[in-house]
Amino acid sequence: MTGSNSSRFALRLQGAVALLLFLAVIGLLGYLAHTYDRRFDWTATGRNSLSDASRQVLEKLPEPVTATVFARPNPELRASLDDLLRRYAAASPKFTVSFVNPDQAPARVKELGIRADGTVLLELAGRREKLEQLDEQALTSALMRLSRSGERRLIFLAGHGERSPDGQANHDLSTFTTALREQGVLATRPDPAGGKDFPTDATLVITAPAVDLTGDEVGAIQRFLTAGGNLLWLADPGPLHGLEPIAAELGLRFVPGTLIDPVGQAIAGSAHFAIATADNYRFHAALAGFEFMTLFPLAAGLEHDPKEPWAATDLIELGASGWAETGPLTEKVSFDEGQDRRGPFILAAAFTRKLGEREQRVVVVGDGDFLSNSYVGNGGNLNLGLNLVNWLAADEGLVSIPPRTAPDTELSLSRDNSLLIGFGFLFGLPAAFAAAGLGVWLRRRGR
């Protein structure tokens, strides 16, 4: 009797010890999972892992990067953002992530100009960049731009009534250049002490002069292009004021008149406003992943027929149902047969040519108002301007992350295999468990 009690006590003690060990192992695994973030990507194309290009960018970060996500407590939105950002944080200790509810920090949201729920603010060494559309390509490219040690400059042509890069008037560009400064891009005017030539290591910006340029000034722009400088030309309807030789060198022509867009009239309330959506953007590196709606007040159409070695690519085409109005602009304009020209029109185009190992780049937009202080906050106008500047600076070409296909998301089975698996789970597994249980019971009963 005593031996039987001792055996029962030993069995109970073994069970208790086994249970305690099991709970200790579970607790230890929970602690390790909470302390160490380890991911295992078993997908066929590794689509849940960072690409090698992104890892190389993270390894070369010169300073710590803080990613602040301004998102309301929406579980689906936060989960999608957190999934991507945690991959970066796991790959580099220099990348940290935090979430902020914009409703609880209205002053900070206003100060930073946060407009969309889910906006990610990246900060590195005093430089900032906001991302409203987040994917690996956009995030890695933004990190590369922020980590650049070299200074990027825009030189704005001045002295002819152009829009001022630091002016506060409605038609000036100070809001745009402030956003550029946060990305490490410095906007300046030409240095009077530097002579008439422009430095070719900067991007020259021409914003619709109001008076004619002199022959020497046009010659300086031509020499700038000949030397390989990049150019952003923001034009408006009307005369070119001496810039005809620049247009001729690019094989560029401006359609007479102002674009009238019935789509813009329906959305913005004025036919003088042209509206571009994702359907109007053409495939180009400067517009990769860009899907925002953009607004262009008082725009002009473009035509191009470049000669070697220049090549041209359309960026934005719109006004398929509109026309170019050559008469006085009123709220009730109408198409005049034989005088006005029907759309569609090219609104923006990119020109390139090879110069040795590098590519010279020029962007011409038939509207300068879309980046002015009055309109830069509409839709994706600011994002479009930043994209164009980044492309001109050749930043988008530093990293290319192809989309990951997912060939392993579906399982195709024949009818016989489906029946076999179905009957196996419905009858085979329960029968196997029942047989195993019966066998254990019989063995214990025999003992």
# chains A, B, ... in the order shown; residues from 1 in each chain; ligands from 1
call {"tool": "select_by_dssp", "arguments": {"residues": "range 219-342 of chain A", "states": "strand (DSSP E or B)", "output": "PyMOL selection string"}}
result
chain A and resi 230-234+252-254+258-260+273-276+281+294-297+302-304+311-318+323-325+341-342
call {"tool": "residues_around", "arguments": {"residues": "range 276-289 of chain A", "least_positions_apart": "5", "cutoff": "6 Å", "atoms": "only C-alpha atoms", "output": "PyMOL selection string"}}
result
chain A and resi 294+315-318+387-388+391
call {"tool": "write_last_selection", "arguments": {"atoms": "N, CA, C and O atoms", "output": "JSON list (two decimals), in the first residue's frame"}}
result
[["chain", "number", "residue", "atom", "x", "y", "z"],
["A", 294, "THR", "N", -3.48, 66.67, -59.34],
["A", 294, "THR", "CA", -2.77, 67.94, -59.37],
["A", 294, "THR", "C", -3.59, 68.98, -60.12],
["A", 294, "THR", "O", -4.36, 68.65, -61.03],
["A", 315, "LEU", "N", 5.39, 63.71, -69.81],
["A", 315, "LEU", "CA", 5.15, 63.43, -68.40],
["A", 315, "LEU", "C", 3.66, 63.51, -68.05],
["A", 315, "LEU", "O", 3.14, 62.64, -67.35],
["A", 316, "ILE", "N", 3.00, 64.55, -68.53],
["A", 316, "ILE", "CA", 1.58, 64.75, -68.23],
["A", 316, "ILE", "C", 0.87, 65.14, -69.52],
["A", 316, "ILE", "O", 1.32, 66.03, -70.25],
["A", 317, "GLU", "N", -0.23, 64.47, -69.79],
["A", 317, "GLU", "CA", -1.07, 64.80, -70.95],
["A", 317, "GLU", "C", -2.50, 64.95, -70.46],
["A", 317, "GLU", "O", -3.02, 64.08, -69.76],
["A", 318, "LEU", "N", -3.15, 66.06, -70.84],
["A", 318, "LEU", "CA", -4.52, 66.28, -70.39],
["A", 318, "LEU", "C", -5.28, 67.14, -71.39],
["A", 318, "LEU", "O", -4.76, 67.47, -72.45],
["A", 387, "ASN", "N", 9.16, 65.78, -56.74],
["A", 387, "ASN", "CA", 9.56, 64.67, -57.61],
["A", 387, "ASN", "C", 10.39, 65.16, -58.79],
["A", 387, "ASN", "O", 11.40, 64.54, -59.16],
["A", 388, "LEU", "N", 9.96, 66.25, -59.40],
["A", 388, "LEU", "CA", 10.68, 66.76, -60.56],
["A", 388, "LEU", "C", 12.08, 67.23, -60.18],
["A", 388, "LEU", "O", 13.05, 66.96, -60.91],
["A", 391, "TRP", "N", 14.27, 64.21, -59.54],
["A", 391, "TRP", "CA", 14.67, 63.55, -60.78],
["A", 391, "TRP", "C", 15.78, 64.35, -61.48],
["A", 391, "TRP", "O", 16.74, 63.77, -62.00]]
call {"tool": "closest_residue", "arguments": {"among": "A:Arg127, A:Arg152, A:Arg163, A:Arg341", "to": "Ala320 in chain A", "atoms": "only C-alpha atoms"}}
result
A:Arg341
call {"tool": "select_by_dssp", "arguments": {"residues": "range 219-321 of chain A", "states": "alpha helix (DSSP H)", "output": "count of residues only"}}
result
22
call {"tool": "decode", "arguments": {"residues": "range 92-104 of chain A", "atoms": "N, CA, C and O atoms", "output": "PDB file, in the first residue's frame"}}
result
ATOM      1  N   SER A  92      18.348  47.960 -39.009  1.00  0.00           N
ATOM      2  CA  SER A  92      19.356  48.944 -38.611  1.00  0.00           C
ATOM      3  C   SER A  92      18.984  49.562 -37.269  1.00  0.00           C
ATOM      4  O   SER A  92      17.846  50.048 -37.098  1.00  0.00           O
ATOM      5  N   PRO A  93      19.903  49.588 -36.326  1.00  0.00           N
ATOM      6  CA  PRO A  93      19.622  50.253 -35.033  1.00  0.00           C
ATOM      7  C   PRO A  93      19.526  51.762 -35.169  1.00  0.00           C
ATOM      8  O   PRO A  93      19.091  52.437 -34.227  1.00  0.00           O
ATOM      9  N   LYS A  94      19.941  52.319 -36.311  1.00  0.00           N
ATOM     10  CA  LYS A  94      19.866  53.764 -36.517  1.00  0.00           C
ATOM     11  C   LYS A  94      18.481  54.220 -36.958  1.00  0.00           C
ATOM     12  O   LYS A  94      18.233  55.423 -37.080  1.00  0.00           O
ATOM     13  N   PHE A  95      17.580  53.271 -37.222  1.00  0.00           N
ATOM     14  CA  PHE A  95      16.244  53.611 -37.703  1.00  0.00           C
ATOM     15  C   PHE A  95      15.238  53.331 -36.595  1.00  0.00           C
ATOM     16  O   PHE A  95      15.070  52.193 -36.166  1.00  0.00           O
ATOM     17  N   THR A  96      14.584  54.376 -36.107  1.00  0.00           N
ATOM     18  CA  THR A  96      13.595  54.222 -35.039  1.00  0.00           C
ATOM     19  C   THR A  96      12.237  54.718 -35.516  1.00  0.00           C
ATOM     20  O   THR A  96      12.145  55.615 -36.364  1.00  0.00           O
ATOM     21  N   VAL A  97      11.184  54.128 -34.946  1.00  0.00           N
ATOM     22  CA  VAL A  97       9.816  54.407 -35.379  1.00  0.00           C
ATOM     23  C   VAL A  97       8.980  54.823 -34.174  1.00  0.00           C
ATOM     24  O   VAL A  97       9.108  54.246 -33.086  1.00  0.00           O
ATOM     25  N   SER A  98       8.130  55.817 -34.365  1.00  0.00           N
ATOM     26  CA  SER A  98       7.163  56.212 -33.337  1.00  0.00           C
ATOM     27  C   SER A  98       5.868  56.622 -34.020  1.00  0.00           C
ATOM     28  O   SER A  98       5.870  57.067 -35.175  1.00  0.00           O
ATOM     29  N   PHE A  99       4.755  56.449 -33.297  1.00  0.00           N
ATOM     30  CA  PHE A  99       3.438  56.795 -33.825  1.00  0.00           C
ATOM     31  C   PHE A  99       2.864  57.968 -33.032  1.00  0.00           C
ATOM     32  O   PHE A  99       3.009  58.038 -31.809  1.00  0.00           O
ATOM     33  N   VAL A 100       2.223  58.882 -33.752  1.00  0.00           N
ATOM     34  CA  VAL A 100       1.586  60.048 -33.131  1.00  0.00           C
ATOM     35  C   VAL A 100       0.165  60.146 -33.667  1.00  0.00           C
ATOM     36  O   VAL A 100      -0.056  60.086 -34.890  1.00  0.00           O
ATOM     37  N   ASN A 101      -0.793  60.280 -32.760  1.00  0.00           N
ATOM     38  CA  ASN A 101      -2.178  60.519 -33.155  1.00  0.00           C
ATOM     39  C   ASN A 101      -2.317  62.003 -33.487  1.00  0.00           C
ATOM     40  O   ASN A 101      -2.172  62.854 -32.605  1.00  0.00           O
ATOM     41  N   PRO A 102      -2.583  62.364 -34.748  1.00  0.00           N
ATOM     42  CA  PRO A 102      -2.637  63.795 -35.109  1.00  0.00           C
ATOM     43  C   PRO A 102      -3.717  64.562 -34.353  1.00  0.00           C
ATOM     44  O   PRO A 102      -3.588  65.774 -34.173  1.00  0.00           O
ATOM     45  N   ASP A 103      -4.766  63.884 -33.900  1.00  0.00           N
ATOM     46  CA  ASP A 103      -5.815  64.570 -33.153  1.00  0.00           C
ATOM     47  C   ASP A 103      -5.333  65.016 -31.775  1.00  0.00           C
ATOM     48  O   ASP A 103      -5.913  65.930 -31.184  1.00  0.00           O
ATOM     49  N   GLN A 104      -4.272  64.390 -31.272  1.00  0.00           N
ATOM     50  CA  GLN A 104      -3.747  64.734 -29.964  1.00  0.00           C
ATOM     51  C   GLN A 104      -2.561  65.689 -30.039  1.00  0.00           C
ATOM     52  O   GLN A 104      -2.031  66.082 -29.002  1.00  0.00           O
TER      53      GLN A 104
END
